[in-house]
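Student: What follows is query_37.csv, CSV, C-alpha atoms.
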```csv
chain,number,residue,atom,x,y,z
A,4,MET,CA,125.5,-106.1,41.3
A,5,GLN,CA,122.0,-107.3,42.2
A,6,TRP,CA,122.5,-111.1,41.7
A,7,ASN,CA,123.3,-113.3,44.7
A,8,SER,CA,123.7,-116.5,42.7
A,9,VAL,CA,123.9,-117.9,39.1
A,10,GLY,CA,120.4,-119.3,39.5
A,11,GLU,CA,119.0,-116.0,40.4
A,12,PHE,CA,120.7,-114.4,37.4
A,13,LEU,CA,119.3,-117.1,35.1
A,14,ALA,CA,115.8,-116.7,36.6
A,15,MET,CA,115.8,-112.9,35.7
A,16,GLY,CA,113.2,-112.3,38.5
A,17,GLY,CA,110.7,-114.5,36.8
A,18,TYR,CA,111.2,-113.0,33.3
A,19,ALA,CA,113.7,-115.6,32.1
A,20,LEU,CA,111.7,-116.7,29.0
A,21,TYR,CA,111.3,-113.1,27.9
A,22,VAL,CA,114.7,-111.7,28.7
A,23,TRP,CA,116.7,-114.7,27.4
A,24,GLY,CA,114.3,-115.1,24.5
A,25,SER,CA,115.1,-111.6,23.4
A,26,PHE,CA,118.8,-111.7,23.9
A,27,GLY,CA,118.9,-115.2,22.5
A,28,ALA,CA,117.1,-114.2,19.3
A,29,CYS,CA,119.5,-111.4,18.8
A,30,LEU,CA,122.5,-113.7,19.4
A,31,VAL,CA,121.3,-116.4,17.0
A,32,LEU,CA,120.4,-114.0,14.1
A,33,MET,CA,123.6,-112.0,14.6
A,34,VAL,CA,125.7,-115.2,14.3
A,35,VAL,CA,123.7,-116.6,11.3
A,36,GLU,CA,123.8,-113.4,9.2
A,37,PRO,CA,127.6,-112.8,9.1
A,38,PHE,CA,128.0,-116.6,8.5
A,39,LEU,CA,125.7,-116.3,5.4
A,40,ALA,CA,127.4,-113.2,4.2
A,41,SER,CA,130.8,-114.7,4.4
A,42,ARG,CA,129.6,-117.9,2.7
A,43,ARG,CA,128.2,-115.8,-0.1
A,44,LEU,CA,131.6,-114.1,-0.6
A,45,ARG,CA,133.5,-117.4,-0.4
A,46,GLU,CA,131.2,-119.0,-3.0
A,47,VAL,CA,131.6,-116.2,-5.5
A,48,ARG,CA,135.4,-116.1,-5.0
A,49,ARG,CA,135.5,-119.9,-5.5
A,50,SER,CA,133.5,-119.7,-8.7
A,51,LEU,CA,135.7,-116.9,-10.0
A,52,ILE,CA,138.8,-118.9,-9.3
A,53,ARG,CA,137.3,-121.9,-11.1
A,54,GLU,CA,136.4,-119.7,-14.0
A,55,ARG,CA,140.0,-118.4,-14.3
A,56,LEU,CA,141.5,-121.9,-14.1
A,57,ALA,CA,139.2,-123.0,-16.9
A,58,ASP,CA,140.3,-120.0,-19.0
A,59,GLU,CA,144.0,-120.8,-18.4
A,60,LEU,CA,143.5,-124.4,-19.2
A,61,GLU,CA,141.7,-123.5,-22.4
A,62,SER,CA,144.5,-121.1,-23.6
A,63,GLN,CA,147.1,-123.7,-22.7
A,64,GLN,CA,145.3,-126.3,-24.9
A,65,ARG,CA,145.1,-123.8,-27.7
A,66,THR,CA,148.9,-123.2,-27.7
A,67,GLN,CA,149.7,-126.9,-27.7
B,4,MET,CA,138.8,-79.5,-1.9
B,5,ARG,CA,139.2,-80.8,-5.4
B,6,GLN,CA,141.7,-83.3,-4.2
B,7,SER,CA,139.3,-84.7,-1.6
B,8,LEU,CA,136.5,-84.8,-4.2
B,9,ILE,CA,138.6,-86.9,-6.5
B,10,HIS,CA,139.4,-89.1,-3.5
B,11,TRP,CA,135.7,-89.8,-2.9
B,12,PHE,CA,135.0,-90.5,-6.6
B,13,LYS,CA,137.9,-92.9,-6.5
B,14,TYR,CA,136.3,-94.9,-3.7
B,15,GLY,CA,133.0,-94.7,-5.6
B,16,SER,CA,134.3,-97.3,-8.1
B,17,PRO,CA,133.8,-101.0,-7.2
B,18,GLN,CA,137.4,-101.7,-8.0
B,19,SER,CA,138.8,-99.5,-5.3
B,20,PHE,CA,135.9,-99.9,-2.8
B,21,TYR,CA,136.3,-103.7,-2.8
B,22,PRO,CA,139.8,-103.8,-1.1
B,23,LEU,CA,138.9,-100.8,1.1
B,24,ALA,CA,135.9,-102.5,2.5
B,25,GLY,CA,138.0,-105.6,3.1
B,26,ARG,CA,140.4,-103.6,5.2
B,27,MET,CA,137.6,-101.8,7.2
B,28,ILE,CA,135.6,-105.0,8.1
B,29,PRO,CA,137.9,-106.2,11.0
B,30,TRP,CA,137.9,-102.8,12.6
B,31,PHE,CA,134.1,-102.7,12.7
B,32,TRP,CA,134.0,-106.2,14.1
B,33,ALA,CA,136.4,-105.2,16.8
B,34,ALA,CA,134.4,-102.1,17.6
B,35,ALA,CA,131.2,-104.1,17.7
B,36,ALA,CA,132.7,-106.7,20.1
B,37,LEU,CA,134.1,-104.0,22.4
B,38,PHE,CA,130.8,-102.0,22.6
B,39,GLY,CA,128.8,-105.2,22.8
B,40,ILE,CA,130.8,-106.6,25.8
B,41,ALA,CA,130.6,-103.2,27.6
B,42,GLY,CA,126.9,-102.9,26.8
B,43,LEU,CA,126.1,-106.4,28.0
B,44,TRP,CA,128.0,-105.9,31.2
B,45,ILE,CA,126.0,-102.7,32.0
B,46,SER,CA,122.8,-104.4,30.8
B,47,PHE,CA,123.0,-107.3,33.2
B,48,PHE,CA,125.4,-106.3,36.0
B,49,VAL,CA,125.4,-102.5,36.4
B,50,ALA,CA,121.9,-101.3,35.5
B,51,PRO,CA,119.6,-101.6,38.5
B,52,THR,CA,116.3,-103.5,38.7
B,53,ASP,CA,113.4,-101.4,37.5
B,54,ALA,CA,110.9,-100.3,40.1
B,55,GLN,CA,107.9,-101.2,37.9
B,56,GLN,CA,109.0,-103.9,35.5
B,57,GLY,CA,111.5,-105.8,37.7
B,58,GLU,CA,114.2,-107.6,35.6
B,59,GLY,CA,111.8,-107.8,32.6
B,60,TYR,CA,112.8,-104.3,31.5
B,61,ARG,CA,116.3,-105.5,30.5
B,62,ILE,CA,114.8,-106.4,27.1
B,63,ILE,CA,115.1,-102.6,26.4
B,64,PHE,CA,118.9,-103.1,25.9
B,65,VAL,CA,118.3,-105.0,22.7
B,66,HIS,CA,114.8,-103.9,21.7
B,67,VAL,CA,115.6,-100.2,21.4
B,68,PRO,CA,118.9,-100.6,19.5
B,69,ALA,CA,117.3,-103.0,17.1
B,70,SER,CA,114.4,-100.7,16.5
B,71,TRP,CA,116.7,-97.7,16.0
B,72,MET,CA,118.9,-99.5,13.6
B,73,SER,CA,115.9,-100.8,11.6
B,74,MET,CA,114.8,-97.3,11.0
B,75,PHE,CA,118.3,-95.8,10.5
B,76,ILE,CA,119.4,-98.5,8.1
B,77,TYR,CA,116.3,-97.8,6.0
B,78,LEU,CA,117.2,-94.2,5.7
B,79,VAL,CA,120.8,-95.0,4.8
B,80,MET,CA,119.6,-97.6,2.3
B,81,ALA,CA,117.1,-95.2,0.7
B,82,PHE,CA,119.9,-92.5,0.6
B,83,TRP,CA,122.3,-94.9,-1.3
B,84,ALA,CA,119.5,-96.1,-3.6
B,85,GLY,CA,118.5,-92.5,-4.4
B,86,LEU,CA,122.1,-91.5,-5.0
B,87,GLY,CA,122.5,-94.5,-7.3
B,88,LEU,CA,119.3,-93.4,-9.1
B,89,ALA,CA,120.4,-89.8,-9.5
B,90,LEU,CA,124.1,-90.2,-10.3
B,91,ASN,CA,124.0,-93.7,-11.7
B,92,THR,CA,126.9,-94.7,-9.5
B,93,ARG,CA,127.4,-98.4,-9.2
B,94,VAL,CA,128.7,-98.8,-5.6
B,95,SER,CA,125.9,-96.8,-4.1
B,96,ALA,CA,123.2,-99.1,-5.6
B,97,MET,CA,125.2,-102.1,-4.4
B,98,MET,CA,125.5,-100.6,-0.9
B,99,ALA,CA,121.7,-100.2,-0.8
B,100,GLN,CA,121.3,-103.8,-1.9
B,101,ALA,CA,123.8,-104.9,0.8
B,102,LEU,CA,122.0,-103.0,3.6
B,103,ALA,CA,118.5,-104.4,3.0
B,104,PRO,CA,118.9,-107.9,4.6
B,105,THR,CA,120.6,-106.3,7.7
B,106,GLY,CA,117.7,-103.8,7.9
B,107,ALA,CA,115.2,-106.6,7.6
B,108,LEU,CA,117.0,-108.5,10.4
B,109,MET,CA,116.9,-105.5,12.7
B,110,ALA,CA,113.2,-105.0,12.0
B,111,ALA,CA,112.6,-108.7,12.7
B,112,LEU,CA,114.5,-108.4,16.0
B,113,SER,CA,112.6,-105.3,16.9
B,114,LEU,CA,109.3,-107.1,16.4
B,115,LEU,CA,110.5,-110.3,18.1
B,116,THR,CA,112.0,-108.6,21.2
B,117,GLY,CA,108.9,-106.4,21.3
B,118,ALA,CA,106.7,-109.5,21.4
B,119,PHE,CA,108.9,-110.9,24.2
B,120,TRP,CA,108.4,-107.6,26.1
B,121,GLY,CA,104.7,-107.2,25.3
B,122,LYS,CA,103.7,-110.6,26.6
B,123,PRO,CA,104.7,-110.1,30.3
B,124,MET,CA,104.0,-106.3,30.4
B,125,TRP,CA,100.8,-105.9,28.3
B,126,GLY,CA,99.6,-109.6,28.4
B,127,THR,CA,99.8,-110.1,24.7
B,128,TRP,CA,102.5,-110.9,22.1
B,129,TRP,CA,101.0,-108.6,19.5
B,130,VAL,CA,98.4,-105.8,19.1
B,131,TRP,CA,97.5,-104.0,15.9
B,132,ASP,CA,98.7,-100.7,17.4
B,133,ALA,CA,100.2,-97.9,15.4
B,134,ARG,CA,103.8,-98.4,16.5
B,135,LEU,CA,103.8,-102.1,16.0
B,136,THR,CA,101.9,-102.1,12.7
B,137,SER,CA,104.2,-99.4,11.2
B,138,GLU,CA,107.3,-101.4,12.2
B,139,LEU,CA,105.8,-104.5,10.6
B,140,ILE,CA,105.3,-102.5,7.4
B,141,LEU,CA,108.9,-101.5,7.6
B,142,PHE,CA,109.9,-105.2,7.8
B,143,PHE,CA,107.7,-105.8,4.7
B,144,LEU,CA,109.3,-102.8,2.9
B,145,TYR,CA,112.7,-104.4,3.3
B,146,LEU,CA,111.4,-107.8,2.1
B,147,GLY,CA,109.6,-106.0,-0.8
B,148,PHE,CA,112.8,-104.2,-1.8
B,149,MET,CA,114.8,-107.5,-1.8
B,150,ALA,CA,112.1,-109.4,-3.7
B,151,LEU,CA,111.7,-106.7,-6.3
B,152,GLN,CA,115.5,-106.6,-6.9
B,153,ALA,CA,115.7,-110.3,-7.1
B,154,ALA,CA,112.8,-110.5,-9.6
B,155,ILE,CA,114.4,-108.2,-12.2
B,156,ASP,CA,117.2,-109.9,-14.2
B,157,ASP,CA,118.9,-106.8,-15.4
B,158,PRO,CA,120.8,-105.4,-12.4
B,159,ARG,CA,120.7,-101.8,-13.5
B,160,ARG,CA,116.9,-101.9,-14.0
B,161,ALA,CA,116.6,-103.7,-10.7
B,162,ASP,CA,118.6,-100.9,-9.0
B,163,LYS,CA,116.2,-98.3,-10.4
B,164,ALA,CA,113.0,-100.1,-9.4
B,165,GLY,CA,114.4,-100.8,-6.0
B,166,ALA,CA,115.5,-97.2,-5.5
B,167,ILE,CA,112.0,-96.0,-6.3
B,168,LEU,CA,110.4,-98.4,-3.8
B,169,ALA,CA,113.0,-97.5,-1.2
B,170,LEU,CA,112.4,-93.8,-1.6
B,171,VAL,CA,108.6,-94.0,-1.5
B,172,GLY,CA,108.9,-96.2,1.6
B,173,VAL,CA,110.8,-93.4,3.5
B,174,VAL,CA,107.4,-91.9,4.3
B,175,ASN,CA,106.9,-94.8,6.8
B,176,ILE,CA,109.9,-93.8,8.9
B,177,PRO,CA,108.4,-90.6,10.4
B,178,ILE,CA,105.1,-92.5,10.8
B,179,ILE,CA,106.9,-95.1,13.0
B,180,TYR,CA,108.9,-92.5,14.9
B,181,PHE,CA,105.9,-90.2,15.7
B,182,SER,CA,103.3,-93.0,16.0
B,183,VAL,CA,103.4,-92.9,19.7
B,184,LYS,CA,102.6,-89.2,19.7
B,185,TRP,CA,100.1,-89.1,16.8
B,186,TRP,CA,98.0,-92.0,18.0
B,187,ASN,CA,96.9,-93.2,21.3
B,188,THR,CA,98.9,-96.4,21.4
B,189,LEU,CA,99.7,-99.2,23.9
B,190,HIS,CA,103.4,-98.7,23.2
B,191,GLN,CA,105.1,-96.3,25.6
B,192,GLY,CA,106.4,-93.0,24.5
B,193,SER,CA,110.0,-92.5,23.4
B,194,THR,CA,112.5,-93.2,26.1
B,195,ILE,CA,115.0,-90.7,24.7
B,196,ASN,CA,113.9,-87.4,23.3
B,197,LEU,CA,115.9,-84.8,21.6
B,198,THR,CA,114.1,-82.0,23.5
B,199,LYS,CA,113.7,-83.4,27.0
B,200,ALA,CA,116.1,-85.0,29.4
B,201,PRO,CA,116.0,-88.8,29.2
B,202,SER,CA,113.4,-90.3,31.6
B,203,MET,CA,115.6,-93.1,32.8
B,204,ALA,CA,118.5,-93.9,35.1
B,205,GLN,CA,122.0,-92.8,33.8
B,206,THR,CA,123.3,-96.4,33.9
B,207,MET,CA,120.4,-97.7,31.9
B,208,LEU,CA,120.9,-94.9,29.3
B,209,TRP,CA,124.6,-95.8,29.0
B,210,GLY,CA,123.8,-99.5,28.6
B,211,MET,CA,121.3,-98.7,25.8
B,212,LEU,CA,123.7,-96.3,24.0
B,213,LEU,CA,126.6,-98.8,24.2
B,214,MET,CA,124.3,-101.6,22.8
B,215,ALA,CA,123.1,-99.2,20.1
B,216,LEU,CA,126.7,-98.5,19.1
B,217,ALA,CA,127.5,-102.3,19.1
B,218,PHE,CA,124.4,-102.9,16.8
B,219,TRP,CA,125.6,-100.0,14.6
B,220,MET,CA,129.1,-101.4,14.2
B,221,TYR,CA,127.7,-104.9,13.6
B,222,SER,CA,125.5,-103.5,10.8
B,223,ILE,CA,128.3,-101.8,9.1
B,224,ALA,CA,130.6,-104.8,9.3
B,225,VAL,CA,128.0,-107.3,8.0
B,226,ALA,CA,126.8,-104.9,5.2
B,227,LEU,CA,130.5,-104.4,4.1
B,228,MET,CA,130.9,-108.2,4.0
B,229,ARG,CA,127.8,-108.5,1.8
B,230,VAL,CA,128.7,-105.6,-0.5
B,231,ARG,CA,132.0,-107.3,-1.2
B,232,ALA,CA,130.2,-110.4,-2.4
B,233,ILE,CA,127.8,-108.3,-4.5
B,234,ILE,CA,130.7,-106.4,-6.1
B,235,LEU,CA,132.3,-109.6,-7.2
B,236,GLU,CA,129.0,-111.1,-8.4
B,237,ARG,CA,128.1,-108.0,-10.5
B,238,GLU,CA,131.5,-107.2,-11.8
B,239,ARG,CA,132.6,-110.7,-12.5
B,240,HIS,CA,133.1,-110.1,-16.2
B,241,THR,CA,135.5,-107.2,-15.7
B,242,GLU,CA,139.2,-107.6,-15.9
B,243,TRP,CA,140.0,-106.3,-12.4
B,244,VAL,CA,137.8,-108.9,-10.7
B,245,LYS,CA,139.7,-111.7,-12.5
B,246,HIS,CA,142.9,-110.4,-10.8
B,247,ALA,CA,141.2,-109.6,-7.5
B,248,VAL,CA,140.8,-113.2,-6.5
B,249,GLU,CA,144.0,-115.2,-6.1
```
Let's see the structure in the file written out as structure tokens.

Tutor:
Amino acid sequence: MQWNSVGEFLAMGGYALYVWGSFGACLVLMVVEPFLASRRLREVRRSLIRERLADELESQQRTQ
Amino acid sequence: MRQSLIHWFKYGSPQSFYPLAGRMIPWFWAAAALFGIAGLWISFFVAPTDAQQGEGYRIIFVHVPASWMSMFIYLVMAFWAGLGLALNTRVSAMMAQALAPTGALMAALSLLTGAFWGKPMWGTWWVWDARLTSELILFFLYLGFMALQAAIDDPRRADKAGAILALVGVVNIPIIYFSVKWWNTLHQGSTINLTKAPSMAQTMLWGMLLMALAFWMYSIAVALMRVRAIILERERHTEWVKHAVE
């Protein structure tokens, strides 16, 4: 290992902005994208469930 | 042979692909995490300081995997789109649609990390150089594919239009790949070459390959998550979807 301290690791030999900027951009986008994808799935599932409940309610009313 | 063919056609239907994708997703996330942790460990703690670029070269561990994935996902997307166009299979068109945003993300990351690397090493965030420009065009191809599909209301027609755009755009991939050879560019030549031994330290190579695997597993996991949503959205009027959500 080439780092003697945490500060030295964070400084990245003077390239901190560029190295952490790159890795940070990857981290941020790769957290946001799965979040958006799972939200899209949750939303369509929720609307399908709502739709089915409405159908059930309607058929119940019809039989009454 | 025939048995296995039936097997594949079975998973080609949205109804059987939906639960299969759901079962596969956690495994791809686990693989992405494992490769990612190993890759990051090598990137920061094992790979030595570069003689010329100091610690700045460590951007390679995200820049190269993102760039590879941006090109590879495009090929896979065009393949599925083309298959959907030729055989009129529903899941393949949905798969192409699910891959586009992830491909766009990889192209964006390639450009972003490239800018972060270009600034300290070349003294500029951006140049209109063959490699950079063709990668930017790739990013716009992804956006164009997504916009075109979103603009057409009938999903089957949207699939067809998108597939043609995706297939025509494939011509850009060899242009990106060979740009560093065909033109005199600021961008360095390829680090890894199929015909020559890699021009880098073994540990650096391992770090890069592990990170590439992590990006690969990530892309599969997130594309499968998205394809599940697309399947439900587009099949919502079928009987099986009504029973698929509890």

Student: Got a sec to pull out which chain B residues are within 7 Å of chain A, counting only C-alpha atoms, and send them as a PDB file with C-alpha atoms, in the frame of the given file?

Tutor:
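For reference, out.pdb as written:
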```pdb
ATOM      1  CA  PHE B  48     125.400-106.300  36.000  1.00  0.00           C
ATOM      2  CA  VAL B  49     125.400-102.500  36.400  1.00  0.00           C
ATOM      3  CA  GLY B  57     111.500-105.800  37.700  1.00  0.00           C
ATOM      4  CA  GLU B  58     114.200-107.600  35.600  1.00  0.00           C
ATOM      5  CA  GLY B  59     111.800-107.800  32.600  1.00  0.00           C
ATOM      6  CA  ARG B  61     116.300-105.500  30.500  1.00  0.00           C
ATOM      7  CA  ILE B  62     114.800-106.400  27.100  1.00  0.00           C
ATOM      8  CA  VAL B  65     118.300-105.000  22.700  1.00  0.00           C
ATOM      9  CA  LEU B 112     114.500-108.400  16.000  1.00  0.00           C
ATOM     10  CA  THR B 116     112.000-108.600  21.200  1.00  0.00           C
ATOM     11  CA  PHE B 119     108.900-110.900  24.200  1.00  0.00           C
ATOM     12  CA  TRP B 120     108.400-107.600  26.100  1.00  0.00           C
ATOM     13  CA  VAL B 225     128.000-107.300   8.000  1.00  0.00           C
ATOM     14  CA  MET B 228     130.900-108.200   4.000  1.00  0.00           C
ATOM     15  CA  ARG B 229     127.800-108.500   1.800  1.00  0.00           C
ATOM     16  CA  ARG B 231     132.000-107.300  -1.200  1.00  0.00           C
ATOM     17  CA  ALA B 232     130.200-110.400  -2.400  1.00  0.00           C
ATOM     18  CA  LEU B 235     132.300-109.600  -7.200  1.00  0.00           C
ATOM     19  CA  GLU B 236     129.000-111.100  -8.400  1.00  0.00           C
ATOM     20  CA  LYS B 245     139.700-111.700 -12.500  1.00  0.00           C
ATOM     21  CA  VAL B 248     140.800-113.200  -6.500  1.00  0.00           C
TER      22      VAL B 248
END
```

Student: Kindly give the distance, in Å, that separates CA of Leu170 (chain B) and CA of Leu78 (chain B), rounded to a single decimal.

Tutor: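 CA of Leu78 (chain B) lies at a distance of 8.7 Å from CA of Leu170 (chain B).
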
Student: Would you mind telling me which residue in B:Trp185, B:Phe64, B:Phe82, B:Tyr145 lies nearest to Gly42 (chain B) when using all atoms listed in the file?

Tutor: B:Phe64

Student: Between CA of Ser113 (chain B) and CA of His66 (chain B), what is the spacing in Å?

Tutor: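 Value for the CA of His66 (chain B)-CA of Ser113 (chain B) distance: 5.5 Å.
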